[in-house]
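Next up, model.txt (compact mmCIF, C-alpha atoms and all ligand atoms):
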```txt
# COMPACT_ATOMS: atom_id res chain seq x y z
CA MET A 1 25.21 -9.73 -12.78
CA PRO A 2 21.47 -9.37 -11.95
CA ALA A 3 19.44 -7.57 -14.64
CA PHE A 4 18.05 -4.06 -14.08
CA ASP A 5 14.39 -4.18 -13.01
CA ARG A 6 12.63 -0.99 -14.06
CA LEU A 7 9.93 -1.50 -11.41
CA ASP A 8 12.46 -2.18 -8.64
CA PRO A 9 15.62 -0.39 -9.80
CA LEU A 10 17.32 -0.41 -6.38
CA SER A 11 16.42 -4.08 -5.74
CA LEU A 12 14.54 -3.00 -2.61
CA ASP A 13 12.68 -6.33 -2.58
CA ASP A 14 15.98 -7.90 -1.53
CA LEU A 15 15.81 -5.87 1.69
CA LEU A 16 12.55 -7.57 2.69
CA THR A 17 12.24 -10.94 4.42
CA PRO A 18 10.18 -13.69 2.73
CA ASP A 19 7.47 -13.16 5.39
CA GLU A 20 7.32 -9.44 4.61
CA VAL A 21 7.02 -10.16 0.89
CA ALA A 22 4.20 -12.61 1.69
CA VAL A 23 2.33 -9.97 3.73
CA ARG A 24 2.69 -7.43 0.95
CA ASP A 25 1.58 -9.89 -1.73
CA SER A 26 -1.47 -11.06 0.20
CA VAL A 27 -2.62 -7.46 0.79
CA ARG A 28 -2.01 -6.65 -2.89
CA SER A 29 -3.93 -9.70 -4.02
CA MET A 30 -6.99 -8.93 -1.86
CA LEU A 31 -7.03 -5.30 -3.02
CA THR A 32 -6.61 -6.25 -6.67
CA GLN A 33 -9.68 -8.46 -6.45
CA GLN A 34 -11.96 -6.58 -4.08
CA VAL A 35 -11.08 -2.89 -4.15
CA GLN A 36 -9.16 -1.94 -7.28
CA PRO A 37 -12.01 -2.75 -9.73
CA HIS A 38 -14.42 -0.42 -7.86
CA VAL A 39 -12.32 2.38 -6.46
CA ALA A 40 -12.52 4.85 -9.37
CA GLN A 41 -16.30 4.48 -9.32
CA TRP A 42 -16.37 5.07 -5.54
CA PHE A 43 -14.28 8.20 -6.07
CA GLU A 44 -16.63 9.42 -8.82
CA ALA A 45 -19.72 8.70 -6.72
CA GLY A 46 -18.13 10.30 -3.66
CA GLN A 47 -18.78 7.25 -1.49
CA VAL A 48 -17.57 3.73 -0.86
CA ALA A 49 -20.36 1.29 -1.81
CA ALA A 50 -20.42 -0.83 1.38
CA PRO A 51 -17.86 0.54 3.85
CA ARG A 52 -18.76 -1.73 6.77
CA GLU A 53 -18.37 -4.82 4.59
CA LEU A 54 -14.99 -3.51 3.47
CA PHE A 55 -13.96 -3.02 7.09
CA ARG A 56 -14.82 -6.65 7.81
CA GLU A 57 -12.73 -7.77 4.82
CA PHE A 58 -9.82 -5.66 6.07
CA GLY A 59 -10.34 -7.20 9.51
CA LYS A 60 -10.17 -10.74 8.07
CA LEU A 61 -6.82 -9.88 6.50
CA GLY A 62 -5.51 -8.49 9.81
CA LEU A 63 -5.12 -4.91 8.53
CA LEU A 64 -6.92 -3.16 11.41
CA GLY A 65 -4.66 -2.35 14.33
CA MET A 66 -2.15 -4.49 12.45
CA HIS A 67 0.88 -3.36 14.47
CA LEU A 68 -0.83 -3.46 17.89
CA GLU A 69 -0.35 -6.32 20.34
CA GLY A 70 -2.86 -8.05 22.66
CA TYR A 71 -6.68 -7.93 22.55
CA THR A 72 -6.61 -10.53 19.72
CA LEU A 73 -4.87 -7.98 17.45
CA PRO A 74 -2.29 -9.13 14.86
CA GLY A 75 0.84 -7.65 16.51
CA MET A 76 2.73 -7.42 13.23
CA SER A 77 5.86 -5.32 12.73
CA SER A 78 5.95 -1.66 11.70
CA VAL A 79 7.50 -2.70 8.38
CA ASP A 80 4.61 -5.13 7.72
CA TYR A 81 2.16 -2.34 8.48
CA GLY A 82 4.07 0.05 6.22
CA LEU A 83 4.09 -2.42 3.33
CA ALA A 84 0.30 -2.81 3.70
CA CYS A 85 -0.10 0.99 3.65
CA VAL A 86 1.80 1.16 0.33
CA GLU A 87 -0.59 -1.35 -1.23
CA LEU A 88 -3.69 0.31 0.24
CA GLU A 89 -2.70 3.75 -1.01
CA ALA A 90 -1.64 2.39 -4.42
CA CYS A 91 -5.40 1.65 -4.62
CA ASP A 92 -6.52 4.97 -3.18
CA SER A 93 -5.50 7.36 -0.38
CA GLY A 94 -9.11 7.29 0.87
CA VAL A 95 -8.97 3.52 1.31
CA ARG A 96 -5.64 3.78 3.16
CA SER A 97 -7.15 6.57 5.30
CA MET A 98 -10.03 4.29 6.37
CA VAL A 99 -7.50 1.77 7.67
CA SER A 100 -5.13 4.38 9.16
CA VAL A 101 -7.88 6.20 11.05
CA GLN A 102 -9.17 2.91 12.43
CA GLY A 103 -5.79 1.40 13.41
CA SER A 104 -3.35 4.24 13.97
CA LEU A 105 -5.70 6.89 15.37
CA ALA A 106 -8.84 5.42 16.97
CA MET A 107 -7.51 1.99 17.99
CA TYR A 108 -4.05 3.29 18.92
CA ALA A 109 -5.60 6.00 21.13
CA ILE A 110 -7.71 3.39 22.97
CA TRP A 111 -4.89 0.81 23.06
CA ARG A 112 -2.40 3.34 24.47
CA TRP A 113 -4.55 5.53 26.70
CA ALA A 114 -7.96 4.01 27.59
CA SER A 115 -8.79 2.13 30.80
CA GLU A 116 -8.42 -1.67 30.68
CA GLU A 117 -12.21 -2.03 30.72
CA GLU A 118 -12.55 0.20 27.62
CA LYS A 119 -9.73 -1.61 25.80
CA GLN A 120 -11.54 -4.91 26.33
CA ARG A 121 -14.80 -3.33 25.24
CA TRP A 122 -13.63 -1.84 21.94
CA LEU A 123 -10.38 -3.29 20.62
CA PRO A 124 -11.26 -6.91 19.67
CA GLY A 125 -14.30 -5.77 17.63
CA MET A 126 -12.33 -2.95 16.02
CA GLY A 127 -9.68 -5.48 14.97
CA THR A 128 -12.26 -7.60 13.14
CA GLY A 129 -13.89 -4.54 11.57
CA GLU A 130 -17.22 -5.16 13.33
CA ILE A 131 -16.72 -1.89 15.20
CA VAL A 132 -15.57 1.22 13.33
CA GLY A 133 -13.77 4.12 15.00
CA CYS A 134 -13.00 7.72 14.20
CA PHE A 135 -10.72 10.35 15.75
CA GLY A 136 -11.96 13.84 16.54
CA LEU A 137 -9.23 16.39 17.09
CA THR A 138 -9.68 19.12 14.43
CA GLU A 139 -12.37 21.78 14.87
CA PRO A 140 -13.81 24.31 12.42
CA ASP A 141 -11.55 27.09 13.79
CA HIS A 142 -8.68 25.02 15.17
CA GLY A 143 -6.62 22.78 12.88
CA SER A 144 -2.84 23.14 13.00
CA ASP A 145 -3.15 24.59 16.51
CA PRO A 146 -5.23 21.95 18.35
CA GLY A 147 -4.08 23.25 21.73
CA SER A 148 -6.55 26.12 21.32
CA MET A 149 -9.55 23.79 20.74
CA ARG A 150 -12.96 24.96 21.99
CA THR A 151 -14.65 21.61 22.66
CA THR A 152 -15.09 21.33 26.40
CA VAL A 153 -15.81 18.58 28.88
CA ARG A 154 -17.05 19.25 32.40
CA ARG A 155 -17.74 17.11 35.44
CA VAL A 156 -21.43 16.62 36.33
CA GLY A 157 -21.75 14.33 39.36
CA ASP A 158 -19.84 11.14 38.53
CA ASP A 159 -20.21 11.75 34.78
CA TRP A 160 -18.59 13.97 32.16
CA VAL A 161 -20.47 16.18 29.67
CA LEU A 162 -19.00 17.06 26.27
CA ASP A 163 -19.93 20.09 24.16
CA GLY A 164 -18.36 21.26 20.91
CA THR A 165 -17.82 20.59 17.22
CA LYS A 166 -15.19 18.50 15.44
CA MET A 167 -14.53 18.98 11.73
CA TRP A 168 -13.06 16.93 8.87
CA ILE A 169 -13.41 13.64 10.74
CA SER A 170 -12.67 10.60 8.56
CA ASN A 171 -15.02 7.60 9.01
CA GLY A 172 -17.17 9.91 11.16
CA THR A 173 -20.46 9.29 9.34
CA PHE A 174 -20.63 5.59 10.16
CA ALA A 175 -18.31 5.12 13.16
CA ASP A 176 -19.51 3.30 16.28
CA VAL A 177 -16.98 4.94 18.57
CA ALA A 178 -15.37 8.37 18.34
CA VAL A 179 -12.17 9.23 20.15
CA VAL A 180 -12.80 12.88 21.12
CA TRP A 181 -10.29 15.30 22.60
CA ALA A 182 -11.65 18.15 24.72
CA GLN A 183 -10.53 20.95 27.06
CA THR A 184 -10.87 20.62 30.83
CA ASP A 185 -9.67 22.95 33.58
CA GLU A 186 -6.63 20.69 33.86
CA GLY A 187 -5.78 20.51 30.13
CA ILE A 188 -6.90 18.44 27.13
CA ARG A 189 -8.33 15.00 27.89
CA GLY A 190 -9.45 12.13 25.66
CA PHE A 191 -12.71 10.13 25.69
CA ALA A 192 -14.02 7.08 23.84
CA VAL A 193 -17.53 8.20 22.88
CA PRO A 194 -20.12 5.64 21.69
CA THR A 195 -21.72 7.43 18.74
CA ASP A 196 -25.23 6.39 19.79
CA THR A 197 -24.93 8.52 22.95
CA PRO A 198 -27.72 11.16 23.04
CA GLY A 199 -26.40 14.55 21.85
CA PHE A 200 -23.89 13.08 19.37
CA THR A 201 -24.57 13.76 15.68
CA ALA A 202 -22.44 13.33 12.54
CA ARG A 203 -23.05 15.22 9.30
CA GLU A 204 -21.34 14.23 6.08
CA ILE A 205 -19.08 16.86 4.49
CA LYS A 206 -19.90 16.95 0.79
CA HIS A 207 -18.41 18.72 -2.26
CA LYS A 208 -14.89 17.38 -1.65
CA MET A 209 -12.63 17.21 -4.71
CA SER A 210 -10.17 14.98 -2.85
CA LEU A 211 -10.38 11.77 -0.80
CA ARG A 212 -13.81 11.11 -2.28
CA ALA A 213 -13.57 7.36 -1.55
CA SER A 214 -13.53 8.15 2.18
CA ALA A 215 -16.35 9.54 4.30
CA THR A 216 -15.58 12.81 6.10
CA ALA A 217 -17.84 14.26 8.79
CA GLU A 218 -18.58 17.14 11.08
CA LEU A 219 -19.27 15.85 14.59
CA VAL A 220 -21.57 17.89 16.81
CA LEU A 221 -21.50 17.17 20.56
CA GLU A 222 -24.34 18.76 22.53
CA GLY A 223 -24.42 17.78 26.17
CA VAL A 224 -23.01 14.31 25.45
CA ARG A 225 -23.02 12.64 28.89
CA LEU A 226 -20.45 9.92 29.51
CA PRO A 227 -19.50 7.74 32.49
CA ASP A 228 -16.05 8.24 33.99
CA SER A 229 -14.93 4.94 32.41
CA ALA A 230 -15.05 6.61 28.95
CA ARG A 231 -12.22 8.97 29.96
CA PHE A 232 -8.60 8.12 29.18
CA PRO A 233 -7.39 7.99 32.79
CA GLU A 234 -3.75 9.06 32.67
CA VAL A 235 -2.98 11.28 29.73
CA ARG A 236 -3.43 15.07 29.75
CA GLY A 237 -2.49 17.81 27.31
CA LEU A 238 -1.47 17.50 23.68
CA LYS A 239 0.73 14.49 24.42
CA GLY A 240 -2.32 12.20 23.99
CA PRO A 241 -3.44 13.25 20.50
CA LEU A 242 0.11 13.89 19.27
CA SER A 243 1.15 10.33 20.17
CA CYS A 244 -1.62 9.06 17.88
CA LEU A 245 -0.70 11.47 15.07
CA THR A 246 2.88 10.20 15.13
CA GLU A 247 1.56 6.67 14.55
CA ALA A 248 -0.65 7.76 11.66
CA ARG A 249 2.07 9.89 10.09
CA PHE A 250 4.33 6.85 10.00
CA GLY A 251 1.74 5.02 7.86
CA ILE A 252 1.56 8.02 5.52
CA VAL A 253 5.35 7.96 4.99
CA TRP A 254 4.78 4.57 3.35
CA GLY A 255 1.30 5.00 1.92
CA SER A 256 2.09 8.14 -0.06
CA MET A 257 4.68 6.14 -1.97
CA GLY A 258 1.90 3.73 -2.99
CA ALA A 259 -0.05 6.54 -4.67
CA ALA A 260 3.21 7.70 -6.29
CA ARG A 261 4.02 4.16 -7.48
CA SER A 262 0.60 3.69 -9.05
CA SER A 263 0.87 7.03 -10.91
CA TYR A 264 4.47 6.45 -11.97
CA GLU A 265 3.69 2.97 -13.32
CA ALA A 266 0.69 4.36 -15.24
CA ALA A 267 2.92 7.07 -16.75
CA LEU A 268 5.71 4.60 -17.57
CA ASP A 269 3.29 2.28 -19.28
CA TYR A 270 1.68 5.15 -21.18
CA ALA A 271 5.04 6.56 -22.28
CA ARG A 272 6.04 3.22 -23.78
CA THR A 273 2.84 2.81 -25.81
CA ARG A 274 1.54 6.29 -26.69
CA GLU A 275 2.95 7.51 -30.00
CA GLN A 276 3.32 11.09 -31.24
CA PHE A 277 5.49 12.38 -34.08
CA GLY A 278 5.80 8.77 -35.22
CA ARG A 279 7.42 7.33 -32.08
CA PRO A 280 6.58 6.44 -28.47
CA ILE A 281 6.56 9.56 -26.28
CA GLY A 282 8.91 7.65 -23.95
CA GLY A 283 11.55 8.06 -26.68
CA PHE A 284 11.67 11.83 -26.23
CA GLN A 285 14.41 13.12 -23.95
CA LEU A 286 12.04 15.41 -22.05
CA THR A 287 9.77 12.47 -21.16
CA GLN A 288 12.77 10.37 -20.17
CA ALA A 289 14.00 13.14 -17.86
CA LYS A 290 10.58 13.17 -16.15
CA LEU A 291 10.54 9.37 -15.79
CA ALA A 292 14.11 9.23 -14.49
CA ASP A 293 13.45 11.93 -11.88
CA MET A 294 10.21 10.27 -10.77
CA CYS A 295 12.00 6.92 -10.53
CA LEU A 296 14.65 8.49 -8.25
CA GLU A 297 12.17 10.15 -5.90
CA LEU A 298 9.85 7.13 -5.70
CA HIS A 299 12.58 4.69 -4.77
CA LYS A 300 14.40 7.14 -2.48
CA GLY A 301 11.04 7.60 -0.72
CA LEU A 302 10.52 3.85 -0.38
CA LEU A 303 14.05 3.46 0.95
CA LEU A 304 13.40 6.22 3.50
CA ALA A 305 10.15 4.52 4.57
CA LEU A 306 11.91 1.19 4.98
CA HIS A 307 14.73 2.79 6.97
CA LEU A 308 12.22 4.47 9.31
CA GLY A 309 10.22 1.23 9.58
CA ARG A 310 13.28 -0.83 10.55
CA ARG A 311 14.30 1.81 13.08
CA LYS A 312 10.78 1.98 14.52
CA ASP A 313 10.83 -1.79 15.03
CA ASP A 314 14.36 -1.73 16.52
CA VAL A 315 14.56 1.36 18.75
CA GLY A 316 11.59 3.62 17.97
CA LEU A 317 11.42 6.91 16.09
CA THR A 318 11.64 10.52 17.20
CA THR A 319 8.76 12.79 16.17
CA GLU A 320 11.25 14.71 14.02
CA GLN A 321 12.17 11.54 12.12
CA VAL A 322 8.49 10.89 11.40
CA SER A 323 8.08 14.52 10.27
CA PHE A 324 11.11 14.09 8.00
CA GLY A 325 9.44 11.13 6.32
CA LYS A 326 5.93 12.63 6.08
CA LEU A 327 7.17 15.97 4.75
CA ASN A 328 9.45 14.45 2.14
CA ASN A 329 7.36 11.55 0.94
CA VAL A 330 3.99 13.28 0.59
CA ARG A 331 5.53 16.28 -1.14
CA GLU A 332 7.48 14.07 -3.55
CA ALA A 333 4.50 11.76 -4.12
CA LEU A 334 2.37 14.73 -5.14
CA GLU A 335 5.10 15.94 -7.50
CA ILE A 336 5.33 12.45 -9.04
CA CYS A 337 1.53 12.40 -9.58
CA ARG A 338 1.57 15.87 -11.14
CA THR A 339 4.42 14.93 -13.49
CA SER A 340 2.73 11.62 -14.37
CA ARG A 341 -0.38 13.56 -15.24
CA THR A 342 1.52 15.64 -17.79
CA ILE A 343 2.84 12.47 -19.45
CA LEU A 344 -0.72 11.20 -19.91
CA GLY A 345 -1.75 14.43 -21.63
CA ALA A 346 -5.54 14.81 -21.79
CA ASN A 347 -5.99 11.22 -20.59
CA GLY A 348 -4.24 12.37 -17.41
CA ILE A 349 -7.37 14.19 -16.27
CA SER A 350 -9.65 11.17 -16.78
CA LEU A 351 -10.71 8.73 -14.07
CA GLU A 352 -10.06 5.99 -16.65
CA TYR A 353 -6.49 6.28 -15.33
CA PRO A 354 -5.58 6.46 -11.62
CA VAL A 355 -3.32 9.51 -11.84
CA ILE A 356 -5.66 12.49 -11.33
CA ARG A 357 -7.43 10.60 -8.51
CA HIS A 358 -4.13 10.05 -6.69
CA MET A 359 -3.07 13.64 -7.38
CA ASN A 360 -6.27 15.10 -5.95
CA ASN A 361 -6.19 12.70 -2.99
CA LEU A 362 -2.65 13.70 -2.09
CA GLU A 363 -3.77 17.32 -1.65
CA SER A 364 -5.60 16.07 1.46
CA VAL A 365 -2.70 13.91 2.56
CA LEU A 366 -0.41 16.96 2.24
CA THR A 367 -2.70 18.81 4.69
CA TYR A 368 -3.86 16.23 7.22
CA GLU A 369 -1.67 14.75 9.95
CA GLY A 370 0.26 18.03 9.98
CA THR A 371 0.58 20.33 6.99
CA VAL A 372 3.86 20.75 5.12
CA GLU A 373 4.44 23.93 7.11
CA MET A 374 3.92 22.19 10.49
CA HIS A 375 6.53 19.56 9.62
CA GLN A 376 8.93 22.25 8.40
CA LEU A 377 8.43 24.03 11.74
CA ILE A 378 8.99 20.80 13.71
CA LEU A 379 12.25 20.18 11.85
CA GLY A 380 13.16 23.87 11.93
CA GLN A 381 12.78 23.93 15.71
CA ALA A 382 14.87 20.79 16.11
CA LEU A 383 17.59 22.18 13.84
CA THR A 384 17.81 25.69 15.32
CA GLY A 385 16.51 25.31 18.86
CA GLU A 386 14.04 28.12 18.09
CA SER A 387 10.25 27.57 18.00
CA ALA A 388 8.56 29.46 15.15
CA PHE A 389 5.05 28.09 15.76
CA SER A 390 3.63 31.31 17.17
P1 LIG B 401 -5.07 25.59 9.23
O1 LIG B 401 -4.45 25.12 10.48
O2 LIG B 401 -6.05 26.70 9.30
O3 LIG B 401 -3.88 26.02 8.24
C1 LIG B 401 -4.09 26.74 7.03
C2 LIG B 401 -2.72 27.06 6.44
O4 LIG B 401 -1.98 27.89 7.34
C3 LIG B 401 -1.86 25.80 6.22
O5 LIG B 401 -1.08 25.94 5.07
C4 LIG B 401 -0.96 25.79 7.45
O6 LIG B 401 0.26 25.10 7.25
C5 LIG B 401 -0.73 27.29 7.62
N1 LIG B 401 -0.31 27.61 8.98
C6 LIG B 401 -1.02 27.46 10.13
N2 LIG B 401 -0.28 27.83 11.18
C7 LIG B 401 0.93 28.22 10.69
C8 LIG B 401 2.16 28.67 11.28
N3 LIG B 401 2.30 28.81 12.61
N4 LIG B 401 3.20 28.96 10.45
C9 LIG B 401 3.09 28.80 9.11
N5 LIG B 401 1.97 28.36 8.50
C10 LIG B 401 0.91 28.07 9.29
N6 LIG B 401 -8.74 15.83 11.54
C11 LIG B 401 -9.08 15.00 12.56
O7 LIG B 401 -9.00 15.37 13.72
N7 LIG B 401 -9.51 13.72 12.31
C12 LIG B 401 -9.62 13.23 11.04
O8 LIG B 401 -10.01 12.06 10.85
C13 LIG B 401 -9.29 14.09 9.93
N8 LIG B 401 -9.47 13.67 8.64
C14 LIG B 401 -9.29 14.56 7.61
C15 LIG B 401 -9.63 14.19 6.31
C16 LIG B 401 -9.50 15.09 5.27
C17 LIG B 401 -9.94 14.72 3.89
C18 LIG B 401 -8.96 16.38 5.52
C19 LIG B 401 -8.76 17.35 4.38
C20 LIG B 401 -8.62 16.76 6.79
C21 LIG B 401 -8.80 15.87 7.87
N9 LIG B 401 -8.54 16.25 9.18
C22 LIG B 401 -8.85 15.42 10.24
C23 LIG B 401 -8.15 17.64 9.49
C24 LIG B 401 -6.68 17.95 9.26
O9 LIG B 401 -5.89 17.30 10.20
C25 LIG B 401 -6.54 19.48 9.28
O10 LIG B 401 -7.14 19.96 8.10
C26 LIG B 401 -5.10 19.93 9.37
O11 LIG B 401 -4.58 19.73 10.66
C27 LIG B 401 -4.93 21.42 9.02
O12 LIG B 401 -5.83 22.21 9.73
P2 LIG B 401 -6.73 23.29 8.96
O13 LIG B 401 -7.33 22.65 7.78
O14 LIG B 401 -7.61 23.90 9.97
O15 LIG B 401 -5.69 24.37 8.41
```

Could you render the structure from this file as structure tokens?
Ligand code: FAD
Amino acid sequence: MPAFDRLDPLSLDDLLTPDEVAVRDSVRSMLTQQVQPHVAQWFEAGQVAAPRELFREFGKLGLLGMHLEGYTLPGMSSVDYGLACVELEACDSGVRSMVSVQGSLAMYAIWRWASEEEKQRWLPGMGTGEIVGCFGLTEPDHGSDPGSMRTTVRRVGDDWVLDGTKMWISNGTFADVAVVWAQTDEGIRGFAVPTDTPGFTAREIKHKMSLRASATAELVLEGVRLPDSARFPEVRGLKGPLSCLTEARFGIVWGSMGAARSSYEAALDYARTREQFGRPIGGFQLTQAKLADMCLELHKGLLLALHLGRRKDDVGLTTEQVSFGKLNNVREALEICRTSRTILGANGISLEYPVIRHMNNLESVLTYEGTVEMHQLILGQALTGESAFS
């Protein structure tokens, strides 16, 4: 009989191939050496020390556009990508967001929708981390309802001219290319915008209490003139941006469980060593109930992520299946972090431990890539046949 492993109680490692374990371990090893020792300080300072250098390191490891094929990109499986997201977010949700925005939003948008010329121009450099991308969909007054966006693009001669404001844009302060979605007379269209184009400015959003190890920007577009080649030629309407969000949400299904794992392991460790009333707090039934419930939700969440990853690689996922995973796993991850925080008592609010950082970060993860309510409405519509969005 194999022994019970308290860090892998369902023996989920046995469901991975040796190659998948190797991918996970190499990502974990790089992060342990190069990111983990600094990330709490980055969070406290509200900025990553050398983000472009970090992008190049991620590029060397094949983490950028990891699951995309061609253009010298790694072409790994969805499960490989998911396993990397777990490790990245076990470090910090902001660090995972840097990689997700680059690979699943900016690169995916270009890979899926841009002209061949633009793919050749941007994708190889984005894969190595020499070129950084961001993804501008949200606006100050239009978040959950992007179809009502106010950013416009109009035809001027052979060119296109963009005007508007995008808000809460990750990587926006230092990106080289921004994927921007804008209204035309014939519906929403996407553009790859070099950020050195006259009329493009990015302003850092400060005073965040969450995702502090990730730069977030407001993008202002004032008469940004682009050649027709910058336009995504085929796609119109919300189909374009939503296809990218589905990719990024898939990474979050996995990544959120990394933040949960890190918090749970910190709480488990603390419960076994911290003594009150003359015994380890892990010996009290109330603490054990918390640990047992966290253990269930963490490993159920990982199992769900693996199931969705295998299915994505085999036959693809429906948007509802991705919503199922994002809704469940982020909500449960946040609950695990909050419960872990109680186990650490006063130490739970200190950045000496990872728990409060993960907890605060997950408040952003709960909101971006579709809020809890949006995913409930997506599932609600699929279950009842009735749309309750408006
Ligand atoms: P709103 O849409 O105003 O929603 C406010 C509340 O109302 C929510 O609880 C929502 O669920 C609820 N609500 C809205 N409509 C309904 C309804 N019909 N029924 C019930 N409840 C409803 N965006 C990008 O484009 N690119 C990025 O890189 C990016 N990075 C981000 C990074 C961070 C740190 C954060 C916090 C956000 C980021 N976002 C980004 C924006 C994010 O996607 C939006 O915040 C999100 O879509 C929600 O929009 P909102 O904040 O405008 O909230």

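Distance annotation: of A:Glu186, A:Glu275, A:Glu363, A:Glu332, the residue with the minimal separation from Arg155 (chain A) is A:Glu186; atom set is only C-alpha atoms.
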
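With all atoms listed in the file taken into account, the protein and nucleic acid residues at most 9 Å from Glu20 (chain A) (excluding it and anything under 4 positions from it in its own chain) are A:Leu16, A:Arg24, A:Asp25, A:Val79, A:Asp80, A:Leu83.
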
Report as JSON the centre and the edge lengths, in Å to one decimal, of the axis-aligned box holding every listed atom of ligand LIG 401 (chain B), padded by 6 Å on each side.
```
{"center_x": -3.4, "center_y": 20.5, "center_z": 8.8, "size_x": 25.2, "size_y": 28.9, "size_z": 21.8}
```

Counting only C-alpha atoms, which residues sit no farther than 10 Å from the position (-13.8, -8.0, 15.7) in the file's frame? I'd like them as a PDB file with C-alpha atoms, keeping the file's coordinate frame.
```pdb
ATOM      1  CA  PHE A  55     -13.960  -3.020   7.090  1.00  0.00           C
ATOM      2  CA  ARG A  56     -14.820  -6.650   7.810  1.00  0.00           C
ATOM      3  CA  GLY A  59     -10.340  -7.200   9.510  1.00  0.00           C
ATOM      4  CA  LYS A  60     -10.170 -10.740   8.070  1.00  0.00           C
ATOM      5  CA  LEU A  64      -6.920  -3.160  11.410  1.00  0.00           C
ATOM      6  CA  TYR A  71      -6.680  -7.930  22.550  1.00  0.00           C
ATOM      7  CA  THR A  72      -6.610 -10.530  19.720  1.00  0.00           C
ATOM      8  CA  LEU A  73      -4.870  -7.980  17.450  1.00  0.00           C
ATOM      9  CA  TRP A 122     -13.630  -1.840  21.940  1.00  0.00           C
ATOM     10  CA  LEU A 123     -10.380  -3.290  20.620  1.00  0.00           C
ATOM     11  CA  PRO A 124     -11.260  -6.910  19.670  1.00  0.00           C
ATOM     12  CA  GLY A 125     -14.300  -5.770  17.630  1.00  0.00           C
ATOM     13  CA  MET A 126     -12.330  -2.950  16.020  1.00  0.00           C
ATOM     14  CA  GLY A 127      -9.680  -5.480  14.970  1.00  0.00           C
ATOM     15  CA  THR A 128     -12.260  -7.600  13.140  1.00  0.00           C
ATOM     16  CA  GLY A 129     -13.890  -4.540  11.570  1.00  0.00           C
ATOM     17  CA  GLU A 130     -17.220  -5.160  13.330  1.00  0.00           C
ATOM     18  CA  ILE A 131     -16.720  -1.890  15.200  1.00  0.00           C
ATOM     19  CA  VAL A 132     -15.570   1.220  13.330  1.00  0.00           C
TER      20      VAL A 132
END
```

Could you give me, as a Markdown table, every chain A residue with an atom at most 8 Å from ligand LIG 401 (chain B), plus its closest atom pair and distance in Å to one decimal, counting all atoms listed in the file, rows ordered by chain then number?
```
| residue | atom | partner | partner_atom | distance |
| --- | --- | --- | --- | --- |
| A:Val101 | CA | B:LIG401 | O8 | 6.2 |
| A:Cys134 | CA | B:LIG401 | O8 | 6.2 |
| A:Phe135 | CA | B:LIG401 | N7 | 5.0 |
| A:Gly136 | CA | B:LIG401 | O7 | 4.4 |
| A:Leu137 | CA | B:LIG401 | O7 | 3.5 |
| A:Thr138 | CA | B:LIG401 | O7 | 3.9 |
| A:Glu139 | CA | B:LIG401 | O14 | 7.2 |
| A:Pro140 | CA | B:LIG401 | O14 | 6.7 |
| A:Asp141 | CA | B:LIG401 | O14 | 6.3 |
| A:His142 | CA | B:LIG401 | O14 | 5.4 |
| A:Gly143 | CA | B:LIG401 | O14 | 3.3 |
| A:Ser144 | CA | B:LIG401 | O1 | 3.6 |
| A:Asp145 | CA | B:LIG401 | O1 | 6.2 |
| A:Lys166 | CA | B:LIG401 | O7 | 7.1 |
| A:Met167 | CA | B:LIG401 | N6 | 6.6 |
| A:Trp168 | CA | B:LIG401 | C21 | 4.5 |
| A:Ile169 | CA | B:LIG401 | O8 | 3.8 |
| A:Ser170 | CA | B:LIG401 | O8 | 3.8 |
| A:Asn171 | CA | B:LIG401 | O8 | 7.0 |
| A:Gly172 | CA | B:LIG401 | O8 | 7.5 |
| A:Lys208 | CA | B:LIG401 | C17 | 7.9 |
| A:Ser210 | CA | B:LIG401 | C17 | 6.7 |
| A:Leu211 | CA | B:LIG401 | C17 | 5.6 |
| A:Ser214 | CA | B:LIG401 | C17 | 7.7 |
| A:Thr216 | CA | B:LIG401 | C15 | 6.1 |
| A:Glu363 | CA | B:LIG401 | C19 | 7.8 |
| A:Ser364 | CA | B:LIG401 | C19 | 4.5 |
| A:Val365 | CA | B:LIG401 | C19 | 7.2 |
| A:Thr367 | CA | B:LIG401 | C26 | 5.4 |
| A:Tyr368 | CA | B:LIG401 | O9 | 3.8 |
| A:Glu369 | CA | B:LIG401 | O9 | 4.9 |
| A:Gly370 | CA | B:LIG401 | O11 | 5.2 |
| A:Thr371 | CA | B:LIG401 | O6 | 4.8 |
| A:Val372 | CA | B:LIG401 | O6 | 6.0 |
| A:Glu373 | CA | B:LIG401 | O6 | 4.3 |
| A:Met374 | CA | B:LIG401 | O6 | 5.7 |
| A:Leu377 | CA | B:LIG401 | N4 | 7.3 |
| A:Ala388 | CA | B:LIG401 | N3 | 6.8 |
| A:Phe389 | CA | B:LIG401 | N3 | 4.2 |
| A:Ser390 | CA | B:LIG401 | N3 | 5.4 |
```

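As for CA of Arg249 (chain A) and CA of Glu87 (chain A), they are spaced 16.2 Å apart.
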